[in-house]
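S.K.: Next up is a structure, given as structure tokens.
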Amino acid sequence: MTEQSGHSNGPASGARPEESRTDPVVLRNKLESWLQARPELGPDARVVDLTVPESNGMSSETVLFDVDPGNGEIDHLVARIAPLEASVPVFPVYDMESQFRVMAEVAGVVPVPAVRWLELDPAAIGAPFFVMDRVNGLVPPDVMPYNFGDSWVFDATPEQQRQMQDASVAVLAALHGIENPTERFAFLDPGGEGSALRRHVASTRRFYEWVVEGQRRSPLIEACFERLEATWPTDESPTVLSWGDSRIGNTMYEDFAPVAVLDWEMASLGPCEIDLAWMVFLHRFFEDIAHVMELPGMGHFMQRADIESTYEQLTGHAPRDMQWHLLYAALRHGAVMYRVQCRTIAFGEGEWPEDVDDLIMHRAALEQMLAGTYID
């Protein structure tokens with residue numbers, strides 16, 4: 001079993017350069033002092049083991065640690081720590097409180113690690129963070145991607161893969177079934193005018209503008225924004241709680257059933273298709289890479305038609321305008337990948353290409369979507 005690391009190391013993140021890592025010894029001492037001030041633990045609490053996984057991404061730092069509260073019984077915990085500016089983080093704002101609140105709200109609706117403490121004062125360990133319980137299970141690998149072969153997902157039987165797929169869609173159905181989402185999760189509303197979808201896209205546009213501030217702009221991403229505006233859905237689905245990063249690589253499984261839904265930093269409000277299209281596209285992203293590398297891939301898995309059908313069976317709602325939402329998912333992923341590459345360049349690990357759109361790994365998919373030649 002793989003222990004929960006509380007983050008993914010996939011498309012929305014990447015390897016963290018050594019110069020931006022936290023010193024584990026210093027962190028252990030600070031964290032222990034902070035824990036000893038918790039009334040639930042007290043001055044006898046000790047951090048008996050602390051690990052900073054090598055796979056830590058850029059969007060945050062995740063630390064695994066064990067605590068002996070003084071009675072010899074070990075608590076296995078995870079700290080999710082906001083990134084420092086020195087690490088050139090993926091997102092302009094890292095709202096630890098919102099993540100903590102969302103996880104607390106959805107507990108019991110979908111499986112999430114139990115959250116324990118939230119600390120917003122950076123003085124404690126150097127940055128805001130929260131602590132949650134650790135969960136055991138298996139996460140579909142990103143390096144190498146699970147569909148490349150030699151992974152527990154790839155090696156599963158077709159029946160087990162379908163069980164996993166349906167259970168993953170059921171997570172979305174359960175999240176989207178939460179009543180009164182605009183009131184319960186008002187703190188996730190990015191603000192602005194128009195529908196929840198309008199505000200969501202406007203927020204993505206603001207993210208892109210932040211990414212390219214002082215950098216070269218992407219003609220391809222901007223063409224995708226223009227296409228979305230020109231083909232805007234005429235009948236938007238109702239507003240739901242959107243997980244935001246709804247891919248199987250952010251889920252921990254046991255016996256092909258989800259036991260922990262992770263990574264809530266992109267949670268927001270919007271129509272259900274935001275999550276459905278993200279789930280479909282992020283698998284297709286890996287499939288496209290497998291095809292280029294002449295690997296067999298998993299073309300039968302996480303197919304759009306199957307996911308839409310399962311979702312409709314579970315909720316009674318037929319997904320709408322999925323082609324539009326797939327372009328939006330690919331654009332969102334493109335903006336994140338652009339930031340990832342800008343970060344790589346900032347750390348001296350890459351350089352600007354002659355054609356700036358070459359920074360987007362799935363450039364061909366975006367171009368095919370715009371041309372109407374992208375085949376499901």
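Numbering starts fresh at 1 for the residues of each chain in the structure tokens, the chains themselves are lettered A, B, ... in the order given, and ligands are numbered from 1 as they appear.
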Do you know which residues are at most 7 Å from Arg80 in chain A counting only C-alpha atoms, after dropping those on the same chain fewer than 3 positions away, and could you put them as a PyMOL selection string?

M.R.: chain A and resi 60-63+129-131

S.K.: With only C-alpha atoms as the counted atoms, please give the residues lying no more than 9 Å from Gln341 in chain A, apart from itself and same-chain residues fewer than 6 positions off, as an mmCIF file with C-alpha atoms, in the first residue's frame.

M.R.:
```cif
data_model
loop_
_atom_site.group_PDB
_atom_site.id
_atom_site.type_symbol
_atom_site.label_atom_id
_atom_site.label_comp_id
_atom_site.auth_asym_id
_atom_site.auth_seq_id
_atom_site.Cartn_x
_atom_site.Cartn_y
_atom_site.Cartn_z
ATOM 1 C CA GLY A 350 14.877 25.189 -19.161
ATOM 2 C CA GLU A 351 14.837 27.995 -21.688
ATOM 3 C CA TRP A 352 12.298 29.805 -23.798
ATOM 4 C CA LEU A 359 5.737 25.248 -23.707
ATOM 5 C CA ILE A 360 2.294 23.600 -23.721
#
```

S.K.: Do you have, as CSV, the list of residues of range 21-103 of chain A lying at most 8 Å from range 253-271 of chain A, each with its nearest atom pair and that distance in Å to one decimal, counting only C-alpha atoms and ordered by chain then number?

M.R.:
```
residue,atom,partner,partner_atom,distance
A:Tyr94,CA,A:Glu265,CA,7.4
A:Asp95,CA,A:Glu265,CA,7.4
A:Gln99,CA,A:Trp264,CA,5.6
A:Val102,CA,A:Trp264,CA,7.5
A:Met103,CA,A:Trp264,CA,7.6
```

S.K.: Can you spit out the residues from that selection as an mmCIF file, in the first residue's frame, using N, CA and C atoms?

M.R.:
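The resulting file, out.cif, is shown below:
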```cif
data_model
loop_
_atom_site.group_PDB
_atom_site.id
_atom_site.type_symbol
_atom_site.label_atom_id
_atom_site.label_comp_id
_atom_site.auth_asym_id
_atom_site.auth_seq_id
_atom_site.Cartn_x
_atom_site.Cartn_y
_atom_site.Cartn_z
ATOM 1 N N TYR A 94 -2.700 30.748 -2.274
ATOM 2 C CA TYR A 94 -2.867 29.397 -1.768
ATOM 3 C C TYR A 94 -3.680 29.475 -0.480
ATOM 4 N N ASP A 95 -4.985 29.253 -0.625
ATOM 5 C CA ASP A 95 -5.930 29.457 0.464
ATOM 6 C C ASP A 95 -6.067 28.186 1.289
ATOM 7 N N GLN A 99 -9.326 25.176 1.646
ATOM 8 C CA GLN A 99 -9.128 23.743 1.491
ATOM 9 C C GLN A 99 -9.573 22.986 2.744
ATOM 10 N N VAL A 102 -13.433 23.047 2.972
ATOM 11 C CA VAL A 102 -14.081 22.161 2.001
ATOM 12 C C VAL A 102 -13.971 20.713 2.464
ATOM 13 N N MET A 103 -12.789 20.300 2.885
ATOM 14 C CA MET A 103 -12.608 18.922 3.323
ATOM 15 C C MET A 103 -13.486 18.598 4.525
#
```

S.K.: Which polymer residues have any atom within 6 Å of an atom of range 144-151 of chain A, counting only C-alpha atoms, with same-chain residues fewer than 4 positions away left out, as an MDAnalysis selection string?

M.R.: chainID A and resid 140 297:298

S.K.: Could you check the closest approach to Asp44 in chain A for each of A:Thr315, A:Phe154, A:Pro69, A:Met96 and tell me which residue wins, using only C-alpha atoms?

M.R.: A:Pro69

S.K.: Counting only C-alpha atoms, which residue out of A:Pro92, A:Gly316, A:Pro181, A:Gly249 sits closest to Val212 in chain A?

M.R.: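 Going through A:Pro92, A:Gly316, A:Pro181, A:Gly249 one by one, the smallest distance to Val212 in chain A is for A:Pro92.
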
S.K.: Identify, with DSSP run on backbone atoms, the residues in range 72-125 of chain A assigned to alpha helix (DSSP H), and express the list as a ChimeraX atom specification.

M.R.: /A:96-106

S.K.: Filtering to N, CA and C atoms, could you give me those residues as a PDB file, in the first residue's frame?

M.R.:
```
ATOM      1  N   MET A  96      -5.244  28.066   2.315  1.00  0.00           N
ATOM      2  CA  MET A  96      -5.272  26.864   3.152  1.00  0.00           C
ATOM      3  C   MET A  96      -6.593  26.731   3.904  1.00  0.00           C
ATOM      4  N   GLU A  97      -7.160  27.864   4.306  1.00  0.00           N
ATOM      5  CA  GLU A  97      -8.408  27.821   5.057  1.00  0.00           C
ATOM      6  C   GLU A  97      -9.539  27.261   4.203  1.00  0.00           C
ATOM      7  N   SER A  98      -9.625  27.664   2.943  1.00  0.00           N
ATOM      8  CA  SER A  98     -10.674  27.154   2.066  1.00  0.00           C
ATOM      9  C   SER A  98     -10.541  25.648   1.862  1.00  0.00           C
ATOM     10  N   GLN A  99      -9.326  25.176   1.646  1.00  0.00           N
ATOM     11  CA  GLN A  99      -9.128  23.743   1.491  1.00  0.00           C
ATOM     12  C   GLN A  99      -9.573  22.986   2.744  1.00  0.00           C
ATOM     13  N   PHE A 100      -9.175  23.505   3.882  1.00  0.00           N
ATOM     14  CA  PHE A 100      -9.533  22.887   5.158  1.00  0.00           C
ATOM     15  C   PHE A 100     -11.052  22.845   5.329  1.00  0.00           C
ATOM     16  N   ARG A 101     -11.716  23.955   5.016  1.00  0.00           N
ATOM     17  CA  ARG A 101     -13.167  24.035   5.183  1.00  0.00           C
ATOM     18  C   ARG A 101     -13.908  23.109   4.219  1.00  0.00           C
ATOM     19  N   VAL A 102     -13.433  23.047   2.972  1.00  0.00           N
ATOM     20  CA  VAL A 102     -14.081  22.161   2.001  1.00  0.00           C
ATOM     21  C   VAL A 102     -13.971  20.713   2.464  1.00  0.00           C
ATOM     22  N   MET A 103     -12.789  20.300   2.885  1.00  0.00           N
ATOM     23  CA  MET A 103     -12.608  18.922   3.323  1.00  0.00           C
ATOM     24  C   MET A 103     -13.486  18.598   4.525  1.00  0.00           C
ATOM     25  N   ALA A 104     -13.614  19.547   5.432  1.00  0.00           N
ATOM     26  CA  ALA A 104     -14.482  19.334   6.588  1.00  0.00           C
ATOM     27  C   ALA A 104     -15.944  19.223   6.170  1.00  0.00           C
ATOM     28  N   GLU A 105     -16.354  20.027   5.180  1.00  0.00           N
ATOM     29  CA  GLU A 105     -17.749  20.041   4.736  1.00  0.00           C
ATOM     30  C   GLU A 105     -18.129  18.769   3.978  1.00  0.00           C
ATOM     31  N   VAL A 106     -17.214  18.240   3.174  1.00  0.00           N
ATOM     32  CA  VAL A 106     -17.565  17.087   2.325  1.00  0.00           C
ATOM     33  C   VAL A 106     -17.331  15.759   3.034  1.00  0.00           C
TER      34      VAL A 106
END
```

S.K.: Please determine, counting only C-alpha atoms, which residue among A:His333, A:Gly42, A:Val292, A:Val280 has the shortest atom-to-atom distance to Ala305 in chain A.

M.R.: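 Selected residue with least distance to Ala305 in chain A: A:Val280.
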
S.K.: Rank nothing, just name the residue among A:Val135, A:Val90, A:Asp49, A:Pro219 nearest to Ile74 in chain A, using only C-alpha atoms.

M.R.: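 With only C-alpha atoms as the atom set, the closest residue is A:Asp49.
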
S.K.: What separation in Å, quoted to one decimal, exists between CA of Phe281 in chain A and CA of Gln160 in chain A?

M.R.: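 So the two atoms, CA of Phe281 in chain A and CA of Gln160 in chain A, lie 21.1 Å apart.
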
S.K.: Neighbouring residues of Val240 in chain A were defined as those with any atom within 12 Å, considering only C-alpha atoms; residues of the same chain fewer than 4 positions away were excluded. Please report them as an mmCIF file with C-alpha atoms, in the first residue's frame.

M.R.:
```cif
data_model
loop_
_atom_site.group_PDB
_atom_site.id
_atom_site.type_symbol
_atom_site.label_atom_id
_atom_site.label_comp_id
_atom_site.auth_asym_id
_atom_site.auth_seq_id
_atom_site.Cartn_x
_atom_site.Cartn_y
_atom_site.Cartn_z
ATOM 1 C CA LEU A 172 -18.416 13.444 -8.608
ATOM 2 C CA ALA A 173 -22.106 12.545 -8.455
ATOM 3 C CA ALA A 174 -22.005 12.642 -4.655
ATOM 4 C CA LEU A 175 -20.171 15.975 -4.530
ATOM 5 C CA HIS A 176 -22.513 17.518 -7.064
ATOM 6 C CA GLY A 177 -25.495 16.272 -5.082
ATOM 7 C CA ILE A 178 -24.671 18.428 -2.058
ATOM 8 C CA GLU A 179 -27.627 20.738 -1.536
ATOM 9 C CA ASN A 180 -27.434 24.527 -1.445
ATOM 10 C CA PRO A 181 -23.830 24.659 -2.707
ATOM 11 C CA THR A 182 -23.862 28.406 -3.358
ATOM 12 C CA GLU A 183 -24.690 29.032 0.301
ATOM 13 C CA ARG A 184 -22.609 26.264 1.899
ATOM 14 C CA PHE A 185 -19.546 27.009 -0.210
ATOM 15 C CA ALA A 186 -19.955 30.735 -0.765
ATOM 16 C CA LEU A 188 -15.283 29.440 -2.938
ATOM 17 C CA ASP A 189 -17.046 31.931 -5.210
ATOM 18 C CA SER A 195 -23.375 32.905 -13.927
ATOM 19 C CA ALA A 196 -21.123 30.591 -11.934
ATOM 20 C CA LEU A 197 -19.580 29.415 -15.208
ATOM 21 C CA GLU A 236 -25.738 26.010 -18.548
ATOM 22 C CA GLY A 244 -11.760 21.314 -9.694
ATOM 23 C CA ALA A 267 -12.306 23.704 -5.675
ATOM 24 C CA SER A 268 -14.900 26.229 -6.792
ATOM 25 C CA LEU A 269 -18.528 26.608 -7.847
ATOM 26 C CA GLY A 270 -19.754 25.841 -11.345
ATOM 27 C CA PRO A 271 -21.672 23.386 -13.526
ATOM 28 C CA CYS A 272 -20.989 19.657 -13.178
ATOM 29 C CA GLU A 273 -19.350 19.498 -16.607
ATOM 30 C CA ILE A 274 -16.261 21.288 -15.270
ATOM 31 C CA ASP A 275 -15.373 18.200 -13.228
#
```

S.K.: Of the candidates A:His317, A:His362, A:Arg216, A:Arg38, which shows the shortest atom-to-atom distance to Phe285 in chain A, using only C-alpha atoms?

M.R.: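 Looking only at the distances to Phe285 in chain A, the closest residue turns out to be A:His362.
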
S.K.: Output as JSON, numbers by chain all residues of range 206-306 of chain A that backbone DSSP marks as strand (DSSP E or B).

M.R.: {"A": [239, 240, 241, 242, 251, 252, 253, 254, 257, 258, 259, 260, 261, 268, 269, 270, 271]}

S.K.: Ranking A:Val88, A:Ala107, A:Ala170, A:Val26 by minimum distance to Ala124 in chain A and counting only C-alpha atoms, which one comes first?

M.R.: A:Val26

S.K.: CA of Leu77 in chain A and CA of Val25 in chain A are how many Å apart?

M.R.: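 These two atoms are separated by 17.0 Å.
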